[in-house]
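For reference, work24.txt (compact mmCIF, C-alpha atoms):
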# COMPACT_ATOMS: atom_id res chain seq x y z
CA MET M 1 311.97 205.44 87.20
CA LEU M 2 313.47 204.12 83.97
CA GLU M 3 317.22 203.49 83.87
CA LEU M 4 319.37 202.53 80.90
CA HIS M 5 322.81 201.07 81.59
CA ASP M 6 325.70 200.37 79.26
CA GLY M 7 326.33 196.63 79.39
CA ALA M 8 325.13 194.21 82.07
CA LEU M 9 323.05 195.35 85.03
CA ASN M 10 324.40 195.26 88.57
CA VAL M 11 321.41 193.34 89.90
CA PRO M 12 322.23 193.39 93.66
CA GLU M 13 322.87 197.14 93.52
CA ILE M 14 319.63 197.90 91.67
CA LEU M 15 317.36 195.58 93.69
CA THR M 16 318.78 197.00 96.92
CA ARG M 17 318.65 200.63 95.85
CA TRP M 18 314.98 200.34 94.78
CA TYR M 19 314.05 198.50 97.99
CA VAL M 20 315.72 201.20 100.12
CA GLN M 21 314.17 204.01 98.05
CA GLU M 22 310.67 202.76 98.81
CA SER M 23 311.34 201.53 102.34
CA ALA M 24 309.24 204.27 103.94
CA SER M 25 306.55 204.41 101.22
CA ASN M 26 304.31 201.89 103.01
CA TYR M 27 304.12 199.37 100.18
CA GLY M 28 303.34 195.84 101.30
CA ALA M 29 304.62 194.06 98.19
CA TYR M 30 307.75 194.48 96.05
CA ILE M 31 308.14 192.21 93.02
CA PRO M 32 311.16 192.59 90.77
CA PHE M 33 311.44 190.53 87.60
CA VAL M 34 315.09 189.93 86.64
CA GLY M 35 315.94 188.79 83.11
CA THR M 36 319.27 187.02 82.59
CA VAL M 37 321.02 185.93 79.39
CA ARG M 38 320.80 182.15 78.96
CA ASP M 39 323.51 180.00 77.45
CA GLU M 40 321.63 178.48 74.50
CA ASP M 41 322.14 177.76 70.81
CA GLY M 42 325.86 178.47 71.16
CA ILE M 43 325.54 182.24 71.54
CA GLU M 44 328.28 184.21 73.32
CA GLY M 45 325.83 186.78 74.63
CA LEU M 46 323.17 189.22 73.55
CA SER M 47 323.31 192.84 72.49
CA PHE M 48 320.56 195.47 72.65
CA ASP M 49 319.59 198.62 70.81
CA VAL M 50 317.20 200.87 72.72
CA TYR M 51 315.19 203.74 71.25
CA GLU M 52 314.86 205.90 74.31
CA PRO M 53 312.19 208.50 73.34
CA ILE M 54 309.49 205.90 72.66
CA LEU M 55 310.65 203.65 75.49
CA THR M 56 310.22 206.59 77.84
CA SER M 57 306.71 207.39 76.63
CA TRP M 58 305.76 203.69 76.80
CA PHE M 59 307.07 203.55 80.38
CA ASP M 60 305.37 206.81 81.38
CA ALA M 61 302.04 205.47 80.09
CA TRP M 62 302.48 202.40 82.32
CA VAL M 63 303.32 204.58 85.32
CA ALA M 64 300.07 206.49 84.72
CA LYS M 65 298.11 203.25 84.37
CA ALA M 66 299.54 201.79 87.59
CA ALA M 67 299.07 204.92 89.72
CA PRO M 68 295.28 204.61 90.26
CA LEU M 69 295.92 201.08 91.55
CA GLY M 70 298.37 202.50 94.07
CA ALA M 71 301.25 200.75 92.32
CA LYS M 72 304.67 202.15 91.44
CA LEU M 73 306.84 200.83 88.60
CA LYS M 74 310.59 200.87 88.07
CA MET M 75 312.62 199.49 85.19
CA ALA M 76 316.25 199.05 84.21
CA HIS M 77 317.58 197.79 80.87
CA SER M 78 320.95 197.30 79.24
CA ARG M 79 322.26 198.88 76.06
CA GLY M 80 324.96 197.10 74.08
CA ASP M 81 326.50 193.76 74.97
CA VAL M 82 325.46 191.50 77.83
CA LEU M 83 327.28 188.21 78.20
CA LEU M 84 326.04 184.76 79.25
CA HIS M 85 324.58 184.62 82.78
CA GLU M 86 324.63 188.40 83.04
CA SER M 87 321.34 190.29 83.43
CA SER M 88 319.92 192.81 80.98
CA TYR M 89 316.47 193.62 82.36
CA ILE M 90 314.77 194.37 85.65
CA ALA M 91 311.14 195.42 85.92
CA ALA M 92 309.66 195.97 89.37
CA VAL M 93 306.35 196.83 90.94
CA PHE M 94 305.64 198.14 94.42
CA SER M 95 302.07 198.09 95.70
CA PRO M 96 300.16 198.12 98.97
CA LYS M 97 298.50 194.80 98.15
CA ARG M 98 299.77 191.54 96.71
CA ARG M 99 297.05 190.90 94.08
CA VAL M 100 297.68 194.25 92.42
CA ALA M 101 301.42 193.61 92.53
CA LEU M 102 301.19 190.10 91.06
CA GLU M 103 298.80 191.13 88.29
CA THR M 104 300.71 194.30 87.45
CA ILE M 105 304.14 192.67 87.15
CA ASP M 106 302.70 190.06 84.79
CA ALA M 107 300.94 192.58 82.53
CA PHE M 108 303.88 195.01 82.61
CA VAL M 109 306.47 192.38 81.65
CA GLU M 110 304.27 190.93 78.89
CA ASP M 111 303.54 194.33 77.38
CA PHE M 112 307.23 195.16 77.61
CA LYS M 113 308.03 192.09 75.52
CA ALA M 114 305.37 193.00 72.95
CA SER M 115 305.84 196.75 72.72
CA ALA M 116 309.02 198.23 74.14
CA PRO M 117 311.28 199.62 71.37
CA ILE M 118 314.31 197.46 72.08
CA TRP M 119 316.04 195.21 69.57
CA LYS M 120 317.94 192.08 70.47
CA TYR M 121 320.96 190.63 68.69
CA ASP M 122 322.77 187.35 69.21
CA LEU M 123 326.53 187.59 69.64
CA ARG M 124 328.17 184.82 67.61
CA ASP M 125 331.73 184.65 66.33
CA GLY M 126 332.16 188.32 67.13
CA GLN M 127 329.11 189.21 65.00
CA ARG M 128 325.89 190.91 66.07
CA LEU M 129 322.93 189.10 64.48
CA TYR M 130 319.37 190.44 64.78
CA ALA M 131 317.19 187.89 66.62
CA ARG M 132 314.34 188.28 64.16
CA ASP M 133 312.70 184.92 64.85
CA ARG M 134 312.30 185.79 68.54
CA SER M 135 311.09 189.32 67.87
CA THR M 136 307.50 190.55 67.89
CA ALA M 137 305.97 193.09 65.52
CA ILE M 138 304.54 196.00 67.54
CA ALA M 139 300.72 196.19 67.53
CA GLY M 140 299.65 198.04 64.38
CA ALA M 141 302.81 197.15 62.46
CA GLY M 142 302.56 196.93 58.68
CA LEU M 143 300.80 200.26 58.26
CA LEU M 144 303.09 201.42 55.46
CA GLY M 145 302.72 198.17 53.55
CA SER M 146 298.94 198.08 53.76
CA ALA M 147 296.76 199.24 50.88
CA GLN M 148 294.43 201.58 52.77
CA MET Q 1 315.54 176.31 100.06
CA LEU Q 2 313.37 177.38 102.98
CA GLU Q 3 314.86 179.76 105.54
CA LEU Q 4 313.36 180.93 108.83
CA HIS Q 5 314.84 184.02 110.44
CA ASP Q 6 314.30 185.50 113.89
CA GLY Q 7 312.84 188.98 113.37
CA ALA Q 8 312.93 191.02 110.17
CA LEU Q 9 314.55 189.73 106.97
CA ASN Q 10 317.69 191.31 105.56
CA VAL Q 11 316.18 191.74 102.10
CA PRO Q 12 319.28 192.97 100.20
CA GLU Q 13 321.36 190.14 101.62
CA ILE Q 14 318.81 187.46 100.75
CA LEU Q 15 317.94 188.74 97.25
CA THR Q 16 321.65 189.02 96.44
CA ARG Q 17 322.63 185.66 97.91
CA TRP Q 18 319.89 183.84 95.97
CA TYR Q 19 320.80 185.66 92.74
CA VAL Q 20 324.48 184.74 93.13
CA GLN Q 21 323.64 181.13 94.09
CA GLU Q 22 321.80 180.62 90.79
CA SER Q 23 324.02 182.82 88.63
CA ALA Q 24 325.46 179.86 86.72
CA SER Q 25 322.26 177.75 86.66
CA ASN Q 26 321.15 179.15 83.30
CA TYR Q 27 317.79 180.49 84.44
CA GLY Q 28 316.43 183.33 82.33
CA ALA Q 29 313.99 184.72 84.88
CA TYR Q 30 314.25 185.42 88.62
CA ILE Q 31 311.18 186.80 90.39
CA PRO Q 32 311.29 187.45 94.10
CA PHE Q 33 308.15 188.57 95.93
CA VAL Q 34 309.00 190.66 99.02
CA GLY Q 35 306.36 191.21 101.71
CA THR Q 36 306.79 194.22 103.99
CA VAL Q 37 304.86 195.27 107.10
CA ARG Q 38 302.57 198.21 106.37
CA ASP Q 39 301.77 201.00 108.77
CA GLU Q 40 297.99 200.64 109.05
CA ASP Q 41 295.28 200.63 111.71
CA GLY Q 42 297.73 201.96 114.27
CA ILE Q 43 299.73 198.75 114.68
CA GLU Q 44 303.34 198.88 115.88
CA GLY Q 45 304.32 195.83 113.89
CA LEU Q 46 303.43 192.19 113.29
CA SER Q 47 304.56 189.01 114.93
CA PHE Q 48 304.60 185.48 113.52
CA ASP Q 49 304.39 181.93 114.78
CA VAL Q 50 305.64 179.31 112.34
CA TYR Q 51 305.04 175.58 112.57
CA GLU Q 52 308.12 174.33 110.81
CA PRO Q 53 307.39 170.60 110.18
CA ILE Q 54 304.26 171.26 108.11
CA LEU Q 55 305.72 174.38 106.52
CA THR Q 56 308.64 172.26 105.34
CA SER Q 57 306.42 169.57 103.86
CA TRP Q 58 304.22 172.22 102.20
CA PHE Q 59 307.33 173.83 100.70
CA ASP Q 60 308.82 170.49 99.61
CA ALA Q 61 305.56 169.66 97.81
CA TRP Q 62 305.84 172.96 95.91
CA VAL Q 63 309.46 172.26 95.01
CA ALA Q 64 308.37 168.91 93.57
CA LYS Q 65 305.52 170.55 91.64
CA ALA Q 66 307.80 173.24 90.17
CA ALA Q 67 310.62 170.89 89.17
CA PRO Q 68 308.95 169.39 86.04
CA LEU Q 69 308.42 172.96 84.80
CA GLY Q 70 312.15 173.60 85.18
CA ALA Q 71 311.47 176.08 87.98
CA LYS Q 72 313.27 176.39 91.31
CA LEU Q 73 311.68 177.93 94.43
CA LYS Q 74 313.20 179.63 97.45
CA MET Q 75 311.50 181.12 100.48
CA ALA Q 76 312.42 183.06 103.60
CA HIS Q 77 310.08 183.99 106.47
CA SER Q 78 310.37 185.70 109.82
CA ARG Q 79 309.55 184.27 113.24
CA GLY Q 80 308.65 186.65 116.06
CA ASP Q 81 308.37 190.41 115.78
CA VAL Q 82 308.75 192.45 112.58
CA LEU Q 83 308.28 196.19 112.87
CA LEU Q 84 306.69 198.68 110.48
CA HIS Q 85 308.39 198.93 107.07
CA GLU Q 86 310.49 195.85 107.80
CA SER Q 87 310.05 192.73 105.66
CA SER Q 88 308.85 189.34 106.89
CA TYR Q 89 308.51 187.26 103.71
CA ILE Q 90 310.35 186.57 100.49
CA ALA Q 91 309.24 183.96 97.99
CA ALA Q 92 311.22 183.56 94.78
CA VAL Q 93 311.11 181.57 91.58
CA PHE Q 94 313.86 180.93 89.07
CA SER Q 95 312.97 179.50 85.69
CA PRO Q 96 314.34 179.28 82.17
CA LYS Q 97 311.26 181.04 80.76
CA ARG Q 98 309.25 184.05 81.85
CA ARG Q 99 305.72 182.61 81.54
CA VAL Q 100 306.52 179.75 83.87
CA ALA Q 101 308.17 182.17 86.30
CA LEU Q 102 305.25 184.64 86.29
CA GLU Q 103 302.60 181.95 86.68
CA THR Q 104 304.55 180.05 89.34
CA ILE Q 105 305.25 183.04 91.59
CA ASP Q 106 301.55 183.95 91.52
CA ALA Q 107 300.32 180.45 92.37
CA PHE Q 108 303.07 179.90 94.95
CA VAL Q 109 302.38 183.15 96.82
CA GLU Q 110 298.59 182.63 96.77
CA ASP Q 111 298.85 179.07 98.03
CA PHE Q 112 301.28 180.26 100.70
CA LYS Q 113 298.68 182.74 101.95
CA ALA Q 114 295.98 180.05 101.98
CA SER Q 115 297.91 177.08 103.34
CA ALA Q 116 301.25 177.79 105.01
CA PRO Q 117 301.11 177.08 108.76
CA ILE Q 118 302.05 180.56 109.92
CA TRP Q 119 300.02 182.72 112.31
CA LYS Q 120 300.07 186.48 112.32
CA TYR Q 121 299.59 188.78 115.30
CA ASP Q 122 299.24 192.55 115.45
CA LEU Q 123 301.54 194.30 117.89
CA ARG Q 124 299.55 196.97 119.76
CA ASP Q 125 300.33 198.57 123.10
CA GLY Q 126 302.93 195.90 123.74
CA GLN Q 127 300.37 193.13 123.19
CA ARG Q 128 300.34 190.38 120.60
CA LEU Q 129 296.83 190.04 119.13
CA TYR Q 130 295.92 187.22 116.73
CA ALA Q 131 294.87 188.70 113.36
CA ARG Q 132 291.89 186.36 113.09
CA ASP Q 133 289.87 188.52 110.69
CA ARG Q 134 292.71 188.47 108.14
CA SER Q 135 293.40 184.75 108.54
CA THR Q 136 292.23 181.95 106.28
CA ALA Q 137 291.08 178.51 107.36
CA ILE Q 138 293.21 175.85 105.70
CA ALA Q 139 291.37 173.78 103.05
CA GLY Q 140 289.55 170.96 104.82
CA ALA Q 141 289.34 172.81 108.14
CA GLY Q 142 286.43 171.99 110.44
CA LEU Q 143 286.90 168.22 110.24
CA LEU Q 144 286.65 167.74 114.00
CA GLY Q 145 283.51 169.82 114.27
CA SER Q 146 281.70 168.05 111.43
CA ALA Q 147 279.14 165.32 112.12
CA GLN Q 148 280.47 162.65 109.77
CA MET U 1 310.73 218.31 54.05
CA ILE U 2 310.30 215.53 56.59
CA THR U 3 312.81 212.90 57.67
CA VAL U 4 312.40 209.15 57.86
CA GLU U 5 314.62 207.20 60.23
CA PHE U 6 315.06 203.45 60.51
CA LEU U 7 315.50 201.98 63.98
CA GLY U 8 317.26 198.93 65.35
CA PRO U 9 318.44 196.38 62.81
CA ILE U 10 317.36 198.24 59.66
CA GLN U 11 320.66 199.28 58.13
CA LYS U 12 319.53 202.31 56.23
CA PRO U 13 320.51 205.97 56.58
CA ILE U 14 317.98 208.70 57.33
CA LEU U 15 315.91 209.81 54.32
CA SER U 16 314.60 213.32 53.65
CA MET U 17 311.55 213.77 51.48
CA GLU U 18 308.53 215.93 50.72
CA ALA U 19 305.36 214.41 52.16
CA SER U 20 302.02 215.79 53.32
CA THR U 21 300.69 212.58 54.84
CA LEU U 22 302.10 209.21 55.83
CA ARG U 23 300.58 207.86 52.59
CA ASP U 24 303.24 209.76 50.65
CA VAL U 25 305.96 208.13 52.77
CA ALA U 26 304.40 204.70 52.22
CA GLU U 27 304.45 205.22 48.45
CA VAL U 28 308.15 206.01 48.45
CA LEU U 29 309.14 203.15 50.75
CA ARG U 30 307.08 200.58 48.83
CA GLN U 31 309.30 201.28 45.82
CA ASP U 32 312.45 200.74 47.88
CA ASP U 33 313.82 197.20 47.45
CA GLU U 34 315.81 197.45 50.65
CA MET U 35 312.56 197.96 52.57
CA ALA U 36 310.74 194.95 51.11
CA GLN U 37 311.72 192.64 53.97
CA TRP U 38 310.76 195.22 56.62
CA ILE U 39 307.74 197.20 55.51
CA ASP U 40 305.06 194.72 56.56
CA SER U 41 306.45 194.24 60.04
CA CYS U 42 307.34 197.81 61.02
CA ALA U 43 305.36 200.03 63.34
CA VAL U 44 305.46 203.76 62.58
CA ALA U 45 305.95 206.76 64.84
CA VAL U 46 305.62 210.44 64.00
CA ASN U 47 307.70 212.65 66.29
CA ASP U 48 308.12 209.68 68.63
CA THR U 49 304.41 208.89 68.95
CA LEU U 50 303.12 205.66 67.40
CA VAL U 51 300.46 206.26 64.75
CA SER U 52 297.88 204.01 63.13
CA SER U 53 296.59 205.83 60.04
CA LEU U 54 298.12 206.51 56.63
CA ASP U 55 296.15 209.77 56.67
CA THR U 56 298.31 211.11 59.48
CA VAL U 57 299.22 214.65 58.39
CA LEU U 58 302.90 215.59 58.24
CA LYS U 59 304.33 219.08 58.49
CA GLU U 60 307.72 220.60 57.80
CA GLY U 61 310.40 219.09 60.04
CA ASP U 62 308.38 216.09 61.22
CA LYS U 63 310.29 212.92 62.00
CA VAL U 64 308.86 209.57 60.89
CA SER U 65 310.41 206.50 62.55
CA LEU U 66 310.12 202.88 61.46
CA LEU U 67 310.24 200.33 64.28
CA PRO U 68 310.92 196.72 63.24
CA PRO U 69 309.87 193.76 65.47
CA VAL U 70 311.12 194.16 69.03
CA CYS U 71 312.56 191.85 71.66
CA GLY U 72 313.61 193.48 74.90
CA GLY U 73 314.39 191.70 78.12
CA MET Z 1 297.94 157.12 124.28
CA ILE Z 2 298.11 159.82 121.65
CA THR Z 3 298.83 163.51 122.09
CA VAL Z 4 296.88 166.49 120.80
CA GLU Z 5 298.70 169.80 120.32
CA PHE Z 6 297.24 173.21 119.56
CA LEU Z 7 299.18 175.47 117.24
CA GLY Z 8 299.52 179.21 116.84
CA PRO Z 9 297.04 181.34 118.77
CA ILE Z 10 295.19 178.49 120.54
CA GLN Z 11 296.30 178.91 124.14
CA LYS Z 12 295.90 175.36 125.30
CA PRO Z 13 298.45 172.88 126.63
CA ILE Z 14 299.07 169.53 124.98
CA LEU Z 15 296.48 166.86 125.79
CA SER Z 16 297.10 163.13 126.13
CA MET Z 17 294.24 160.69 125.56
CA GLU Z 18 293.28 157.24 124.40
CA ALA Z 19 291.95 157.29 120.83
CA SER Z 20 291.76 154.71 118.06
CA THR Z 21 290.58 157.10 115.32
CA LEU Z 22 290.30 160.84 114.88
CA ARG Z 23 286.58 160.46 115.63
CA ASP Z 24 287.50 159.74 119.26
CA VAL Z 25 289.55 162.94 119.39
CA ALA Z 26 286.66 164.91 117.87
CA GLU Z 27 284.27 163.61 120.53
CA VAL Z 28 286.54 164.79 123.34
CA LEU Z 29 287.23 168.21 121.84
CA ARG Z 30 283.56 168.88 121.06
CA GLN Z 31 282.90 168.68 124.81
CA ASP Z 32 285.66 171.19 125.52
CA ASP Z 33 284.28 174.72 125.96
CA GLU Z 34 287.67 176.28 125.27
CA MET Z 35 287.64 174.69 121.82
CA ALA Z 36 284.20 175.92 120.80
CA GLN Z 37 285.54 179.01 119.03
CA TRP Z 38 288.23 177.01 117.19
CA ILE Z 39 286.92 173.59 116.29
CA ASP Z 40 285.06 174.57 113.10
CA SER Z 41 287.99 176.49 111.64
CA CYS Z 42 290.91 174.19 112.44
CA ALA Z 43 292.67 171.89 110.01
CA VAL Z 44 294.04 168.65 111.48
CA ALA Z 45 297.37 166.92 111.01
CA VAL Z 46 298.44 163.49 112.20
CA ASN Z 47 302.20 163.21 112.65
CA ASP Z 48 302.59 166.46 110.69
CA THR Z 49 300.56 165.35 107.67
CA LEU Z 50 297.21 167.03 107.04
CA VAL Z 51 294.30 164.58 107.08
CA SER Z 52 290.73 164.81 105.82
CA SER Z 53 288.81 161.92 107.38
CA LEU Z 54 287.54 161.30 110.91
CA ASP Z 55 288.17 157.61 110.24
CA THR Z 56 291.92 158.21 110.20
CA VAL Z 57 293.37 155.46 112.41
CA LEU Z 58 295.58 156.48 115.33
CA LYS Z 59 298.21 154.33 117.00
CA GLU Z 60 300.18 154.58 120.21
CA GLY Z 61 302.38 157.70 120.26
CA ASP Z 62 300.70 159.48 117.34
CA LYS Z 63 300.61 163.27 117.42
CA VAL Z 64 297.44 165.09 116.36
CA SER Z 65 297.86 168.82 115.64
CA LEU Z 66 295.14 171.44 115.31
CA LEU Z 67 295.93 174.31 112.92
CA PRO Z 68 293.73 177.39 113.24
CA PRO Z 69 293.31 179.88 110.33
CA VAL Z 70 296.66 181.01 108.92
CA CYS Z 71 298.08 184.27 107.64
CA GLY Z 72 301.72 184.20 106.62
CA GLY Z 73 303.44 186.84 104.60

Turn this file's structure into structure tokens for me.
Amino acid sequence: MLELHDGALNVPEILTRWYVQESASNYGAYIPFVGTVRDEDGIEGLSFDVYEPILTSWFDAWVAKAAPLGAKLKMAHSRGDVLLHESSYIAAVFSPKRRVALETIDAFVEDFKASAPIWKYDLRDGQRLYARDRSTAIAGAGLLGSAQ
Amino acid sequence: MLELHDGALNVPEILTRWYVQESASNYGAYIPFVGTVRDEDGIEGLSFDVYEPILTSWFDAWVAKAAPLGAKLKMAHSRGDVLLHESSYIAAVFSPKRRVALETIDAFVEDFKASAPIWKYDLRDGQRLYARDRSTAIAGAGLLGSAQ
Amino acid sequence: MITVEFLGPIQKPILSMEASTLRDVAEVLRQDDEMAQWIDSCAVAVNDTLVSSLDTVLKEGDKVSLLPPVCGG
Amino acid sequence: MITVEFLGPIQKPILSMEASTLRDVAEVLRQDDEMAQWIDSCAVAVNDTLVSSLDTVLKEGDKVSLLPPVCGG
């Protein structure tokens, strides 16, 4: 399940809803990762653009990769503005066993940071400034500039 | 913070309370690990004995180890009976950065399984049977049997 | 005709052009001064699937998307 | 006198004995048939701190605890 929300995530509602949804699924481990906007470098908050078609196919590929391990993935992300100390991201894994859960949440979150088509902006003085220096080129980027 | 509860944990309450407690602490990542009793091998549930003095010193040592990384740890565990699909264990890490959070939750949960003075019993036919085959001798065990 | 769209922070309206492979798109965009700061760091999707070859064949109505460096979370 | 307590699944009441080091405790427990199944898998704490040497010195009132294999979670 992939959810996009306008503005900050309601973390207690989402963590609880997912826990209850899987309460009879016989998973032994549930690990959510919650990402929260830090007060740093004088920003007022962050803002996000999400490109949903590719995010969905990226997420679906992860669901397919986790299934043979017996693991289930869920994810929620914000669109638009998220202020300081509000949360913009939850990724979660459910699995029968803890090793699979611990390894999957790590790999899933890291690949999310490297690959998910979401762009982050700093909010400063009412402006929305692309956080280029903290952004990562997607694997294979530069194709159009290369002299093949 | 280390909490011991009689019977199953109220997971939504605990996950929410911890999230709210740290909502102004400027952590960027919150990762709880929730352990739930699986329906397997015909058990009716699990039951736990906890030896609190050594559990507390084990936990305090982890808090001290996490502090220089900027990470904060919390843990809740059940005493007594926990039925199928109920949860008995939550470990959580808060940290400014995701790598520290992901690595710390993994190491914390694994060391918990290997070292925390908690004993697990299967509930079957109203009996409480020590789960010896799933238990791990604490590092250094066997001292009294060794011929030093 | 195919369309080229620019995602996230790239402030550029959708382009329409004739192109039979992604190489044709690359040739146009390399001439575009606005794209100079982006072209080496963008990933490319055709109809919402990431692609890795300039020889990718394009047909009438295809959508090419340029994805600049990402930072979700 | 020191006391020896058995934690978790070891169904054995607290013992009291004279002992000047953990080696003295080991000698007593090795004679105890009830302990045969446990002694090689138990960790040992003195006053709630895990110890790793039989030469650990014990003094009047010390508490020795035996911790069988654990499984929290």

Which residues of chain M have any atom within 10 Å of an atom in chain Z when counting all atoms listed in the file, and what is the closest pair of atoms for each, with the distance in Å to one decimal? Order the rows by chain and rising number and write it as a Markdown table.
| residue | atom | partner | partner_atom | distance |
| --- | --- | --- | --- | --- |
| M:Gly28 | CA | Z:Gly73 | CA | 9.6 |
| M:Ala29 | CA | Z:Gly73 | CA | 9.7 |
| M:Arg98 | CA | Z:Gly73 | CA | 9.9 |

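For the choices Q:Asn10, Q:Ser47, Q:Ser95, Q:Ser88, the atom-to-atom distance to Ile31 in chain Q is smallest for Q:Ser95 when using only C-alpha atoms.
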
Using only C-alpha atoms, can you tell me which of M:Leu84, M:Ile138, M:Met1, M:Ala71 comes closest to Thr104 in chain M?
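Among M:Leu84, M:Ile138, M:Met1, M:Ala71, it is M:Ala71 that comes nearest to Thr104 in chain M.
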
6 Å contact set for range 37-49 of chain Z, only C-alpha atoms, chain neighbours under 3 positions out, as an mmCIF file with C-alpha atoms, keeping the file's coordinate frame:
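This is the output file selection.cif:
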data_model
loop_
_atom_site.group_PDB
_atom_site.id
_atom_site.type_symbol
_atom_site.label_atom_id
_atom_site.label_comp_id
_atom_site.auth_asym_id
_atom_site.auth_seq_id
_atom_site.Cartn_x
_atom_site.Cartn_y
_atom_site.Cartn_z
ATOM 1 C CA ILE Q 54 304.260 171.260 108.110
ATOM 2 C CA ALA Q 137 291.080 178.510 107.360
ATOM 3 C CA ILE Q 138 293.210 175.850 105.700
ATOM 4 C CA ALA Q 141 289.340 172.810 108.140
ATOM 5 C CA GLY Q 142 286.430 171.990 110.440
ATOM 6 C CA GLY Q 145 283.510 169.820 114.270
ATOM 7 C CA LYS Z 63 300.610 163.270 117.420
ATOM 8 C CA VAL Z 64 297.440 165.090 116.360
ATOM 9 C CA SER Z 65 297.860 168.820 115.640
ATOM 10 C CA LEU Z 66 295.140 171.440 115.310
ATOM 11 C CA LEU Z 67 295.930 174.310 112.920
ATOM 12 C CA PRO Z 68 293.730 177.390 113.240
#

Please identify all residues of chain Q having at least one atom at most 6 Å from any atom of chain M, considering all atoms listed in the file, and return them as a VMD selection string. chain Q and resid 12 16 26 28 to 36 38

Residue contacts of range 21-28 of chain Z (9 Å, only C-alpha atoms) excluding same-chain residues fewer than 5 positions away, as a ChimeraX atom specification
/Q:143-146,148 /Z:4,39,46,53-59,64

Please produce a file of those selected residues containing C-alpha atoms, as a PDB file, in the frame of the given file.
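Output saved as result_28.pdb:
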ATOM      1  CA  LEU Q 143     286.900 168.220 110.240  1.00  0.00           C
ATOM      2  CA  LEU Q 144     286.650 167.740 114.000  1.00  0.00           C
ATOM      3  CA  GLY Q 145     283.510 169.820 114.270  1.00  0.00           C
ATOM      4  CA  SER Q 146     281.700 168.050 111.430  1.00  0.00           C
ATOM      5  CA  GLN Q 148     280.470 162.650 109.770  1.00  0.00           C
TER       6      GLN Q 148
ATOM      7  CA  VAL Z   4     296.880 166.490 120.800  1.00  0.00           C
ATOM      8  CA  ILE Z  39     286.920 173.590 116.290  1.00  0.00           C
ATOM      9  CA  VAL Z  46     298.440 163.490 112.200  1.00  0.00           C
ATOM     10  CA  SER Z  53     288.810 161.920 107.380  1.00  0.00           C
ATOM     11  CA  LEU Z  54     287.540 161.300 110.910  1.00  0.00           C
ATOM     12  CA  ASP Z  55     288.170 157.610 110.240  1.00  0.00           C
ATOM     13  CA  THR Z  56     291.920 158.210 110.200  1.00  0.00           C
ATOM     14  CA  VAL Z  57     293.370 155.460 112.410  1.00  0.00           C
ATOM     15  CA  LEU Z  58     295.580 156.480 115.330  1.00  0.00           C
ATOM     16  CA  LYS Z  59     298.210 154.330 117.000  1.00  0.00           C
ATOM     17  CA  VAL Z  64     297.440 165.090 116.360  1.00  0.00           C
TER      18      VAL Z  64
END

From the block I gave, I'd like range 23-34 of chain Z written with N, CA and C atoms, as a CSV table (one decimal), in the first residue's frame.
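Result file follows (out26.csv):
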chain,number,residue,atom,x,y,z
Z,23,ARG,N,34.5,-19.9,42.6
Z,23,ARG,CA,34.9,-21.3,42.5
Z,23,ARG,C,34.3,-22.2,43.5
Z,24,ASP,N,34.1,-21.7,44.7
Z,24,ASP,CA,33.4,-22.4,45.8
Z,24,ASP,C,32.0,-22.7,45.4
Z,25,VAL,N,31.3,-21.7,44.8
Z,25,VAL,CA,29.9,-21.9,44.4
Z,25,VAL,C,29.9,-23.0,43.3
Z,26,ALA,N,30.8,-22.9,42.3
Z,26,ALA,CA,30.8,-23.9,41.2
Z,26,ALA,C,31.0,-25.3,41.8
Z,27,GLU,N,31.8,-25.5,42.8
Z,27,GLU,CA,32.1,-26.8,43.4
Z,27,GLU,C,30.8,-27.4,44.0
Z,28,VAL,N,30.0,-26.6,44.6
Z,28,VAL,CA,28.8,-27.0,45.2
Z,28,VAL,C,27.8,-27.4,44.1
Z,29,LEU,N,27.6,-26.5,43.2
Z,29,LEU,CA,26.6,-26.7,42.1
Z,29,LEU,C,26.9,-27.9,41.2
Z,30,ARG,N,28.2,-28.2,41.0
Z,30,ARG,CA,28.6,-29.3,40.2
Z,30,ARG,C,28.2,-30.7,40.8
Z,31,GLN,N,28.0,-30.7,42.1
Z,31,GLN,CA,27.6,-31.9,42.8
Z,31,GLN,C,26.1,-32.0,42.8
Z,32,ASP,N,25.4,-31.0,42.3
Z,32,ASP,CA,23.9,-30.9,42.5
Z,32,ASP,C,23.3,-31.5,41.2
Z,33,ASP,N,22.6,-32.7,41.3
Z,33,ASP,CA,22.1,-33.4,40.2
Z,33,ASP,C,21.0,-32.5,39.4
Z,34,GLU,N,20.3,-31.7,40.2
Z,34,GLU,CA,19.3,-30.9,39.6
Z,34,GLU,C,19.9,-29.8,38.6
